[in-house]
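> Below is start23.txt; it holds compact mmCIF, C-alpha atoms.
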```
# COMPACT_ATOMS: atom_id res chain seq x y z
CA MET S 146 -11.47 -21.42 -13.54
CA THR S 147 -13.34 -19.87 -10.64
CA GLN S 148 -12.94 -21.49 -7.25
CA THR S 149 -15.03 -20.88 -4.17
CA VAL S 150 -13.79 -20.61 -0.62
CA SER S 151 -15.39 -20.99 2.77
CA THR S 152 -15.48 -17.63 4.53
CA THR S 153 -15.36 -19.40 7.88
CA THR S 154 -11.73 -20.48 7.30
CA ILE S 155 -10.34 -17.14 6.20
CA PRO S 156 -9.81 -14.36 8.75
CA THR S 157 -11.64 -11.15 7.99
CA THR S 158 -9.75 -7.86 8.16
CA GLN S 159 -12.71 -6.00 9.65
CA ALA S 160 -12.08 -4.09 12.85
CA LYS S 161 -15.53 -4.58 14.31
CA GLN S 162 -14.41 -4.81 17.93
CA GLU S 163 -11.15 -2.87 17.74
CA ASN S 164 -10.83 0.45 19.50
CA LEU S 165 -8.88 2.11 16.70
CA PRO S 166 -9.12 5.68 15.34
CA LEU S 167 -10.92 4.68 12.13
CA THR S 168 -12.98 1.78 13.45
CA GLY S 169 -16.39 1.91 11.76
CA VAL S 170 -15.12 3.70 8.65
CA THR S 171 -15.56 1.79 5.37
CA VAL S 172 -13.32 2.60 2.43
CA VAL S 173 -13.96 1.18 -1.03
CA ALA S 174 -10.93 1.38 -3.29
CA LEU S 175 -10.66 0.96 -7.04
CA GLU S 176 -6.89 0.99 -7.03
CA HIS S 177 -3.72 -0.33 -8.56
CA ALA S 178 0.06 0.06 -8.30
CA VAL S 179 1.14 2.29 -5.39
CA ALA S 180 -0.42 5.77 -5.08
CA VAL S 181 -3.90 4.89 -3.82
CA PRO S 182 -2.90 1.48 -2.38
CA ILE S 183 -0.35 3.08 -0.02
CA ALA S 184 -3.00 5.59 1.09
CA THR S 185 -5.63 2.93 1.76
CA ARG S 186 -3.10 0.69 3.50
CA GLN S 187 -2.45 3.51 5.95
CA LEU S 188 -6.20 3.92 6.52
CA ALA S 189 -6.50 0.16 7.07
CA ASP S 190 -3.62 0.21 9.55
CA LEU S 191 -5.52 2.88 11.51
CA GLY S 192 -8.64 0.73 11.73
CA ALA S 193 -10.67 1.43 8.59
CA ARG S 194 -12.29 -1.44 6.76
CA VAL S 195 -10.79 -1.24 3.28
CA ILE S 196 -12.50 -3.15 0.49
CA LYS S 197 -10.15 -3.46 -2.47
CA VAL S 198 -12.02 -4.01 -5.73
CA GLU S 199 -9.80 -5.81 -8.24
CA ARG S 200 -10.01 -7.16 -11.78
CA ILE S 201 -10.98 -10.81 -11.92
CA ASP S 202 -8.11 -11.54 -14.36
CA GLY S 203 -5.09 -11.04 -12.13
CA GLY S 204 -6.26 -8.22 -9.90
CA ASP S 205 -4.10 -5.25 -9.02
CA PHE S 206 -1.20 -5.50 -11.47
CA ALA S 207 1.19 -4.72 -8.59
CA ARG S 208 0.57 -8.32 -7.54
CA GLY S 209 2.75 -9.32 -10.48
CA TYR S 210 5.53 -6.75 -10.25
CA ASP S 211 7.94 -9.39 -8.94
CA ALA S 212 7.94 -12.73 -7.14
CA ALA S 213 10.45 -11.80 -4.46
CA VAL S 214 8.40 -12.97 -1.46
CA ALA S 215 8.62 -16.77 -1.15
CA GLY S 216 9.10 -16.92 -4.92
CA GLU S 217 5.42 -16.13 -5.41
CA MET S 218 4.29 -12.77 -4.10
CA SER S 219 5.27 -9.25 -5.11
CA SER S 220 7.27 -7.20 -2.63
CA VAL S 221 5.26 -4.17 -3.74
CA PHE S 222 1.95 -5.87 -2.95
CA LEU S 223 3.28 -7.00 0.44
CA TRP S 224 4.02 -3.31 1.08
CA THR S 225 0.67 -1.89 -0.06
CA GLY S 226 -1.83 -4.74 0.34
CA ARG S 227 -1.88 -5.29 4.09
CA GLY S 228 -5.12 -5.02 6.01
CA LYS S 229 -7.57 -5.08 3.11
CA GLU S 230 -10.39 -7.24 1.88
CA SER S 231 -10.24 -8.29 -1.77
CA LEU S 232 -13.28 -8.40 -4.01
CA ALA S 233 -12.54 -9.65 -7.55
CA LEU S 234 -15.21 -8.06 -9.74
CA ASP S 235 -15.90 -7.58 -13.45
CA LEU S 236 -16.87 -3.91 -13.57
CA LYS S 237 -17.51 -4.07 -17.31
CA SER S 238 -20.59 -6.19 -16.69
CA PRO S 239 -23.87 -4.53 -15.65
CA GLU S 240 -24.08 -6.83 -12.63
CA GLY S 241 -20.53 -5.97 -11.60
CA ARG S 242 -21.24 -2.25 -11.74
CA GLN S 243 -24.42 -2.78 -9.74
CA ILE S 244 -22.48 -4.64 -7.03
CA MET S 245 -20.02 -1.75 -6.93
CA LEU S 246 -22.86 0.74 -6.49
CA GLU S 247 -24.28 -1.40 -3.70
CA LEU S 248 -20.93 -1.28 -1.91
CA LEU S 249 -20.66 2.47 -2.31
CA ALA S 250 -24.21 3.13 -1.13
CA SER S 251 -23.13 2.64 2.49
CA ALA S 252 -19.41 3.39 2.21
CA ASP S 253 -17.75 6.37 3.86
CA VAL S 254 -14.86 6.87 1.43
CA PHE S 255 -14.25 5.95 -2.21
CA MET S 256 -10.67 6.18 -3.47
CA GLN S 257 -9.51 5.54 -7.02
CA ASN S 258 -6.56 5.99 -9.35
CA MET S 259 -7.88 4.58 -12.60
CA SER S 260 -6.87 6.02 -15.97
CA PRO S 261 -8.31 9.49 -16.72
CA GLY S 262 -12.04 9.18 -17.47
CA ALA S 263 -12.25 5.46 -16.63
CA VAL S 264 -14.56 5.74 -13.61
CA GLU S 265 -16.87 8.09 -15.50
CA ARG S 266 -17.14 5.59 -18.36
CA LEU S 267 -18.10 2.94 -15.81
CA GLY S 268 -20.82 5.15 -14.37
CA LEU S 269 -18.84 5.63 -11.17
CA GLY S 270 -17.99 9.31 -11.50
CA ALA S 271 -18.00 11.53 -8.43
CA ASP S 272 -21.19 13.38 -9.39
CA GLU S 273 -23.18 10.18 -9.78
CA LEU S 274 -21.83 8.60 -6.63
CA THR S 275 -22.41 11.60 -4.38
CA HIS S 276 -25.92 11.97 -5.82
CA HIS S 277 -26.77 8.48 -4.55
CA ASN S 278 -24.74 8.79 -1.34
CA PRO S 279 -24.40 12.46 -0.28
CA ARG S 280 -22.21 11.46 2.71
CA LEU S 281 -19.62 9.78 0.50
CA ILE S 282 -16.11 11.21 0.43
CA VAL S 283 -14.61 10.71 -3.04
CA VAL S 284 -10.82 10.93 -3.30
CA SER S 285 -9.35 10.60 -6.79
CA ASN S 286 -5.73 10.45 -7.87
CA SER S 287 -4.33 11.35 -11.28
CA GLY S 288 -0.99 12.23 -12.74
CA TYR S 289 -1.63 15.83 -13.70
CA GLY S 290 -5.07 16.87 -12.43
CA THR S 291 -7.73 18.80 -14.29
CA PRO S 292 -8.12 21.01 -16.21
CA GLY S 293 -5.00 21.67 -18.27
CA PRO S 294 -3.22 20.38 -21.37
CA TYR S 295 -1.92 17.31 -19.52
CA ALA S 296 -5.26 16.38 -17.95
CA GLY S 297 -5.75 13.19 -19.97
CA LYS S 298 -2.10 12.18 -20.13
CA ARG S 299 -1.05 8.82 -18.73
CA ALA S 300 1.25 9.11 -15.76
CA TYR S 301 3.44 6.72 -13.83
CA ASP S 302 5.74 7.43 -10.93
CA ALA S 303 9.02 7.82 -12.83
CA LEU S 304 7.35 9.95 -15.50
CA VAL S 305 5.94 12.37 -12.95
CA GLN S 306 9.25 12.48 -11.12
CA ALA S 307 10.80 13.60 -14.40
CA GLU S 308 8.05 16.04 -15.38
CA SER S 309 7.87 17.63 -11.91
CA GLY S 310 11.58 18.35 -11.70
CA ALA S 311 12.26 15.87 -8.89
CA VAL S 312 15.01 14.19 -10.89
CA ALA S 313 16.54 17.59 -11.64
CA VAL S 314 17.41 18.03 -7.95
CA THR S 315 18.53 14.43 -7.36
CA GLY S 316 21.88 12.97 -8.32
CA THR S 317 25.31 14.39 -9.03
CA LYS S 318 26.50 17.42 -10.95
CA ASP S 319 26.78 15.38 -14.13
CA LEU S 320 23.95 12.89 -13.68
CA MET S 321 20.28 13.30 -12.83
CA VAL S 322 18.75 10.24 -11.16
CA LYS S 323 15.33 9.17 -9.96
CA PRO S 324 14.88 8.81 -6.20
CA GLY S 325 15.17 5.12 -5.43
CA PHE S 326 11.55 4.68 -4.34
CA SER S 327 8.15 5.57 -5.76
CA ALA S 328 8.39 9.16 -4.57
CA ALA S 329 5.52 10.61 -6.64
CA ASP S 330 3.23 7.72 -5.72
CA VAL S 331 4.03 7.93 -2.02
CA ALA S 332 3.81 11.73 -1.93
CA SER S 333 0.36 11.76 -3.51
CA GLY S 334 -0.68 8.77 -1.39
CA MET S 335 0.08 10.60 1.83
CA TYR S 336 -1.87 13.65 0.64
CA MET S 337 -4.78 11.33 -0.18
CA THR S 338 -4.68 9.90 3.33
CA SER S 339 -4.86 13.47 4.65
CA ALA S 340 -7.70 14.22 2.23
CA ALA S 341 -9.73 11.26 3.48
CA MET S 342 -9.18 12.30 7.10
CA MET S 343 -10.13 15.88 6.20
CA GLY S 344 -13.31 14.69 4.51
CA LEU S 345 -14.32 12.55 7.48
CA PHE S 346 -13.71 15.38 9.94
CA GLN S 347 -15.55 17.89 7.76
CA ARG S 348 -18.50 15.51 7.44
CA GLU S 349 -18.80 15.37 11.22
CA ARG S 350 -19.54 19.10 11.17
CA THR S 351 -21.56 19.41 7.96
CA GLY S 352 -23.15 15.99 7.50
CA SER S 353 -22.10 16.00 3.85
CA GLY S 354 -19.38 14.24 1.93
CA THR S 355 -17.00 15.92 -0.45
CA VAL S 356 -15.04 15.39 -3.66
CA VAL S 357 -11.24 15.69 -3.58
CA ASP S 358 -8.60 15.35 -6.29
CA VAL S 359 -4.90 14.83 -5.64
CA ALA S 360 -2.53 15.12 -8.62
CA MET S 361 0.87 13.47 -8.48
CA ILE S 362 2.55 16.48 -10.09
CA ASP S 363 1.06 18.73 -7.41
CA ALA S 364 2.34 16.47 -4.65
CA MET S 365 5.85 16.29 -6.11
CA THR S 366 6.16 20.01 -6.85
CA ASP S 367 5.06 20.70 -3.27
CA PHE S 368 7.69 18.27 -1.96
CA ILE S 369 10.44 20.09 -3.87
CA ALA S 370 8.94 23.58 -3.65
CA ASN S 371 11.99 25.06 -1.93
CA HIS S 372 14.14 24.01 -4.91
CA ILE S 373 11.67 25.59 -7.32
CA TYR S 374 11.62 28.81 -5.29
CA TYR S 375 15.42 28.85 -5.20
CA ALA S 376 15.63 28.57 -8.98
CA GLN S 377 12.93 31.22 -9.46
CA HIS S 378 14.53 33.78 -7.21
CA HIS S 379 18.21 32.95 -7.58
CA GLY S 380 18.04 32.77 -11.36
CA SER S 381 19.54 29.30 -11.63
CA PRO S 382 18.92 25.97 -9.87
CA ALA S 383 21.03 24.80 -6.95
CA GLU S 384 23.76 22.37 -7.89
CA ARG S 385 23.06 18.65 -7.53
CA ILE S 386 25.61 17.23 -5.12
CA SER S 387 24.66 13.61 -4.42
CA LEU S 388 24.28 13.18 -0.64
CA GLY S 389 25.51 16.70 -0.01
CA HIS S 390 23.61 19.88 0.75
CA PRO S 391 23.49 22.78 -1.72
CA SER S 392 24.10 25.37 1.02
CA LEU S 393 25.91 23.65 3.90
CA VAL S 394 29.59 22.60 3.95
CA PRO S 395 30.77 20.09 5.06
CA TYR S 396 27.65 18.02 4.61
CA GLY S 397 27.63 14.70 2.77
CA GLU S 398 29.13 11.24 2.38
CA TYR S 399 32.72 10.54 3.35
CA ALA S 400 34.58 7.26 2.97
CA THR S 401 36.00 5.51 6.03
CA GLN S 402 38.05 2.33 6.33
CA ASP S 403 34.81 0.35 5.92
CA THR S 404 31.28 1.83 5.68
CA PRO S 405 30.80 5.38 4.34
CA VAL S 406 29.43 7.93 6.79
CA VAL S 407 27.26 10.98 6.12
CA ILE S 408 28.23 13.99 8.22
CA GLY S 409 25.87 16.94 8.60
CA ILE S 410 27.27 20.19 9.96
CA GLN S 411 24.54 22.82 10.29
CA ASN S 412 26.35 25.84 11.69
CA ASP S 413 29.72 27.37 12.51
CA ARG S 414 29.67 26.21 16.16
CA GLU S 415 29.45 22.61 14.97
CA TRP S 416 32.24 23.26 12.47
CA ALA S 417 34.46 24.54 15.28
CA ARG S 418 33.89 21.36 17.33
CA PHE S 419 34.46 19.16 14.32
CA ALA S 420 37.64 20.95 13.24
CA GLU S 421 39.15 20.83 16.71
CA HIS S 422 38.09 17.43 18.04
CA VAL S 423 37.86 15.30 14.88
CA MET S 424 40.30 16.89 12.46
CA GLY S 425 42.72 18.12 15.12
CA ARG S 426 42.86 21.44 13.27
CA ARG S 427 42.01 24.18 15.74
CA ASP S 428 43.57 26.64 13.26
CA LEU S 429 40.64 26.10 10.89
CA VAL S 430 38.24 27.59 13.45
CA SER S 431 39.71 31.09 13.21
CA ASP S 432 40.95 30.92 9.63
CA GLN S 433 38.54 33.22 7.76
CA ARG S 434 38.75 31.02 4.69
CA TYR S 435 36.86 28.31 6.65
CA ALA S 436 35.38 29.96 9.73
CA THR S 437 31.89 30.58 8.30
CA ASN S 438 29.56 28.43 6.26
CA VAL S 439 29.46 31.05 3.51
CA ALA S 440 33.26 30.92 3.28
CA ARG S 441 33.32 27.12 3.35
CA ALA S 442 30.64 26.90 0.65
CA GLY S 443 32.91 28.97 -1.58
CA ARG S 444 35.67 26.42 -1.05
CA ARG S 445 33.51 23.27 -1.11
CA ASP S 446 36.02 21.02 -2.90
CA GLU S 447 38.87 22.13 -0.66
CA VAL S 448 36.88 21.63 2.56
CA ASP S 449 35.57 18.26 1.42
CA ALA S 450 39.11 17.13 0.68
CA LEU S 451 40.26 18.11 4.18
CA VAL S 452 37.34 16.29 5.81
CA ALA S 453 37.76 13.23 3.58
CA ASP S 454 41.43 12.97 4.52
CA THR S 455 40.47 12.74 8.20
CA CYS S 456 37.58 10.30 7.73
CA ARG S 457 39.46 7.76 5.65
CA ARG S 458 41.84 7.15 8.55
CA LEU S 459 39.01 5.90 10.79
CA THR S 460 36.47 3.08 10.74
CA ALA S 461 32.80 4.00 10.57
CA GLY S 462 32.40 2.93 14.18
CA GLU S 463 35.28 5.08 15.37
CA LEU S 464 34.11 8.09 13.41
CA THR S 465 30.43 7.93 14.43
CA GLU S 466 31.32 7.36 18.08
CA LEU S 467 33.53 10.44 18.05
CA LEU S 468 30.92 12.53 16.23
CA ASP S 469 28.19 11.44 18.65
CA GLN S 470 30.37 12.42 21.60
CA ILE S 471 30.74 16.00 20.36
CA GLY S 472 27.17 16.37 19.12
CA ILE S 473 27.70 16.25 15.36
CA ALA S 474 24.92 14.63 13.32
CA CYS S 475 26.02 11.58 11.38
CA ALA S 476 24.73 8.38 9.82
CA ARG S 477 26.19 5.28 8.22
CA VAL S 478 25.37 4.61 4.57
CA ASN S 479 23.69 1.24 5.13
CA ASP S 480 22.72 -1.33 2.56
CA LEU S 481 19.24 -2.82 2.81
CA ALA S 482 20.38 -6.06 4.44
CA VAL S 483 21.79 -4.01 7.30
CA VAL S 484 18.62 -1.92 7.53
CA ALA S 485 16.50 -5.07 7.83
CA GLU S 486 18.40 -5.88 11.04
CA HIS S 487 18.87 -2.29 12.19
CA PRO S 488 19.13 -2.30 16.00
CA GLN S 489 16.86 0.74 16.33
CA LEU S 490 14.10 -0.98 14.37
CA VAL S 491 14.55 -4.24 16.28
CA GLU S 492 14.62 -2.61 19.72
CA ARG S 493 11.43 -0.66 19.01
CA GLY S 494 9.56 -3.68 17.69
CA ARG S 495 9.10 -2.25 14.22
CA TRP S 496 8.94 -5.69 12.60
CA VAL S 497 5.86 -7.87 12.93
CA GLU S 498 4.86 -11.19 11.39
CA THR S 499 2.03 -10.61 8.92
CA PRO S 500 -0.26 -13.31 7.47
CA THR S 501 -0.11 -13.47 3.67
CA PRO S 502 -1.22 -15.90 0.96
CA VAL S 503 2.34 -17.34 1.00
CA GLY S 504 2.54 -17.68 4.78
CA PRO S 505 3.63 -15.36 7.61
CA VAL S 506 6.06 -12.69 6.42
CA PRO S 507 7.77 -9.94 8.47
CA THR S 508 6.56 -6.44 7.55
CA LEU S 509 7.21 -3.04 9.03
CA ARG S 510 4.49 -1.69 11.30
CA GLN S 511 2.64 1.44 10.25
CA VAL S 512 4.55 4.59 11.07
CA ILE S 513 2.22 6.34 13.52
CA THR S 514 2.68 5.08 17.06
CA GLU S 515 0.13 5.98 19.70
CA ARG S 516 0.98 5.88 23.37
CA GLY S 517 -0.79 3.09 25.20
CA LYS S 518 -2.32 1.51 22.10
CA GLU S 519 -1.29 -1.60 20.19
CA TYR S 520 -2.37 -1.69 16.57
CA PRO S 521 -3.30 -5.18 15.36
CA VAL S 522 -1.64 -6.93 12.44
CA ARG S 523 -3.94 -7.50 9.51
CA PRO S 524 -3.38 -9.94 6.64
CA VAL S 525 -2.41 -9.32 3.03
CA PRO S 526 -5.34 -10.70 1.01
CA ALA S 527 -5.34 -13.20 -1.81
CA LEU S 528 -7.14 -12.06 -4.96
CA GLY S 529 -10.88 -12.36 -4.41
CA GLN S 530 -10.42 -13.74 -0.91
CA HIS S 531 -13.45 -11.88 0.45
CA SER S 532 -15.71 -11.91 -2.64
CA ARG S 533 -18.22 -14.42 -1.32
CA GLN S 534 -18.32 -12.85 2.14
CA LEU S 535 -18.88 -9.34 0.78
CA LEU S 536 -21.63 -10.40 -1.61
CA ALA S 537 -23.41 -12.13 1.28
CA GLU S 538 -23.15 -8.94 3.35
CA LEU S 539 -24.80 -7.06 0.48
CA GLY S 540 -27.77 -9.43 0.73
CA HIS S 541 -27.06 -11.84 -2.14
CA ASP S 542 -27.97 -15.42 -1.33
CA GLU S 543 -25.72 -18.40 -2.03
CA LYS S 544 -27.57 -19.31 -5.21
CA LYS S 545 -27.08 -15.81 -6.62
CA ILE S 546 -23.43 -15.74 -5.56
CA ASP S 547 -22.82 -19.10 -7.22
CA ASP S 548 -24.41 -17.70 -10.38
CA PHE S 549 -22.10 -14.66 -10.28
CA LEU S 550 -19.11 -16.97 -9.86
CA ARG S 551 -20.19 -19.29 -12.68
CA ARG S 552 -20.67 -16.36 -15.06
CA GLY S 553 -17.34 -14.74 -14.20
CA ILE S 554 -18.84 -11.58 -12.71
CA VAL S 555 -16.89 -12.21 -9.51
CA ALA S 556 -14.03 -14.52 -8.59
CA THR S 557 -12.83 -15.98 -5.32
CA ALA S 558 -9.48 -17.14 -3.97
CA ASP S 559 -8.56 -20.74 -3.37
CA ALA S 560 -8.78 -21.38 0.37
CA ASP S 561 -5.44 -23.23 0.26
CA LEU S 562 -3.69 -20.00 -0.71
CA PHE S 563 -4.27 -18.73 2.79
CA ALA S 564 -3.61 -21.88 4.76
CA GLY S 565 -2.52 -21.14 8.29
CA ALA S 566 -3.10 -17.40 8.02
CA SER S 567 -5.84 -17.42 10.64
CA ALA S 568 -3.34 -17.99 13.43
CA PRO S 569 -2.54 -14.94 15.56
CA ALA S 570 0.49 -13.07 14.31
CA GLY S 571 3.42 -12.74 16.67
CA ASP S 572 6.19 -10.15 16.78
CA ARG S 573 9.46 -10.93 15.12
```
Take the structure from the file and write it as structure tokens.

Amino acid sequence: MTQTVSTTTIPTTQAKQENLPLTGVTVVALEHAVAVPIATRQLADLGARVIKVERIDGGDFARGYDAAVAGEMSSVFLWTGRGKESLALDLKSPEGRQIMLELLASADVFMQNMSPGAVERLGLGADELTHHNPRLIVVSNSGYGTPGPYAGKRAYDALVQAESGAVAVTGTKDLMVKPGFSAADVASGMYMTSAAMMGLFQRERTGSGTVVDVAMIDAMTDFIANHIYYAQHHGSPAERISLGHPSLVPYGEYATQDTPVVIGIQNDREWARFAEHVMGRRDLVSDQRYATNVARAGRRDEVDALVADTCRRLTAGELTELLDQIGIACARVNDLAVVAEHPQLVERGRWVETPTPVGPVPTLRQVITERGKEYPVRPVPALGQHSRQLLAELGHDEKKIDDFLRRGIVATADADLFAGASAPAGDR
């Protein structure tokens, strides 16, 4: 059942008066999951107005990935949905497609990661859109790009991580594993953010938009290109060694009396300091079996055993304090509960209360920090929260909007879903 909502009670995410880098830029996104949503969230954080067009029957399926946030909202959608306006629209209807074209007629950027060929079947292909709006920057995401034998193949993050070789360089000697986050999605998302910025800058000089494609397999193979080059030129891939480094020794995770610590020794000078001041083994500095990284790499298991024997006698605090004193890079292997309260994140104000449909929730600020500028916190939208407002902006009167709602062409959120979200957000 469709419910209407008063636009006067729901805060808009528009940055009309904000002096932000992308103020005045309108992005329309036909997106789901992570790849495009993480790109558009970054653009929204930098001031763009991002209009997220969603299915009327549930919206972006990432909304339903889990119910971890307040037992109702997906942690993935909390991550990717911030700062956007939601329009719930039936694009299979002629009226829905027309509304989409009306949005895109004055938009600056269109981003999409629908299934291969889906936007073309809807009449929203790049050629048609740029014909009607020559200044439009079209950024599309796919798993494998075009042309090629995989052009029409369905692709999800884990599948592309496997196909691209990312899992082949992650894990232990005996076990390949997937990186523990959506690496292919995030990699392609960051390239799409760059592509949108490139298109906007290029348009300033030429007056014309452009069409850009970012394939997930291209992003992932670029991220692990050094590993590919190593295998090409060495004749065999580098060994997978968990948290270790294929070339540097010692470098990796070592157990202590409590929390494991990762130690990273980059050169022989650091090894000399470590051997003398941490291990108490000055003899290892001049011993040619261990004096150089090349020699140590040839005795990896032996060196790791010597280092491990030292580390297990200390607590993580004792070890990291000693390593910091002598200038050796190190880090604790933290669990996520510890990271959520990490003193470096807290001291730098990285957490901020963010309005959501389930109430204020702490989220991490966007990564780019600009000296002398405070970036505002923008809400995570409910499905269809801005449908009525956006249709009114396009010139549709209330009678027409009510007709769209009654016929299921658009849907709106229940105002109660966003109760209290209009209050200013404060830092955690």
> By how many Å are CA of Thr225 in chain S and CA of Ala300 in chain S apart?
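Between CA of Thr225 in chain S and CA of Ala300 in chain S the gap is 19.2 Å.
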> Hey, which of S:Ala233, S:Leu246, S:Leu320, S:Val406 ends up closest to Ile201 in chain S? Count all atoms listed in the file.
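Using all atoms listed in the file, Ile201 in chain S sits closest to S:Ala233.
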> Excluding Glu176 in chain S and its own-chain neighbours fewer than 3 positions away, which residues fall within 12 Å of it when counting only C-alpha atoms? Please give them as an mmCIF file with C-alpha atoms, keeping the file's coordinate frame.

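Done, and the output landed in out_8.cif:
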```cif
data_model
loop_
_atom_site.group_PDB
_atom_site.id
_atom_site.type_symbol
_atom_site.label_atom_id
_atom_site.label_comp_id
_atom_site.auth_asym_id
_atom_site.auth_seq_id
_atom_site.Cartn_x
_atom_site.Cartn_y
_atom_site.Cartn_z
ATOM 1 C CA VAL S 172 -13.320 2.600 2.430
ATOM 2 C CA VAL S 173 -13.960 1.180 -1.030
ATOM 3 C CA VAL S 179 1.140 2.290 -5.390
ATOM 4 C CA ALA S 180 -0.420 5.770 -5.080
ATOM 5 C CA VAL S 181 -3.900 4.890 -3.820
ATOM 6 C CA PRO S 182 -2.900 1.480 -2.380
ATOM 7 C CA ILE S 183 -0.350 3.080 -0.020
ATOM 8 C CA ALA S 184 -3.000 5.590 1.090
ATOM 9 C CA THR S 185 -5.630 2.930 1.760
ATOM 10 C CA ARG S 186 -3.100 0.690 3.500
ATOM 11 C CA VAL S 195 -10.790 -1.240 3.280
ATOM 12 C CA ILE S 196 -12.500 -3.150 0.490
ATOM 13 C CA LYS S 197 -10.150 -3.460 -2.470
ATOM 14 C CA VAL S 198 -12.020 -4.010 -5.730
ATOM 15 C CA GLU S 199 -9.800 -5.810 -8.240
ATOM 16 C CA ARG S 200 -10.010 -7.160 -11.780
ATOM 17 C CA GLY S 204 -6.260 -8.220 -9.900
ATOM 18 C CA ASP S 205 -4.100 -5.250 -9.020
ATOM 19 C CA PHE S 206 -1.200 -5.500 -11.470
ATOM 20 C CA ALA S 207 1.190 -4.720 -8.590
ATOM 21 C CA ARG S 208 0.570 -8.320 -7.540
ATOM 22 C CA PHE S 222 1.950 -5.870 -2.950
ATOM 23 C CA THR S 225 0.670 -1.890 -0.060
ATOM 24 C CA GLY S 226 -1.830 -4.740 0.340
ATOM 25 C CA LYS S 229 -7.570 -5.080 3.110
ATOM 26 C CA SER S 231 -10.240 -8.290 -1.770
ATOM 27 C CA LEU S 232 -13.280 -8.400 -4.010
ATOM 28 C CA PHE S 255 -14.250 5.950 -2.210
ATOM 29 C CA MET S 256 -10.670 6.180 -3.470
ATOM 30 C CA GLN S 257 -9.510 5.540 -7.020
ATOM 31 C CA ASN S 258 -6.560 5.990 -9.350
ATOM 32 C CA MET S 259 -7.880 4.580 -12.600
ATOM 33 C CA SER S 260 -6.870 6.020 -15.970
ATOM 34 C CA ALA S 263 -12.250 5.460 -16.630
ATOM 35 C CA VAL S 264 -14.560 5.740 -13.610
ATOM 36 C CA VAL S 284 -10.820 10.930 -3.300
ATOM 37 C CA SER S 285 -9.350 10.600 -6.790
ATOM 38 C CA ASN S 286 -5.730 10.450 -7.870
ATOM 39 C CA SER S 287 -4.330 11.350 -11.280
ATOM 40 C CA GLY S 334 -0.680 8.770 -1.390
#
```
> Kindly indicate which residue among S:Pro526, S:Pro166, S:Gly409, S:Gly389 lies nearest to Gly316 in chain S, using only C-alpha atoms for the distances.
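The answer is S:Gly389, which sits nearest to Gly316 in chain S.
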> When you draw a straight line from CA of Asp319 in chain S to CA of Met361 in chain S, how long is it in Å?
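Computing it gives 26.6 Å between the two atoms.
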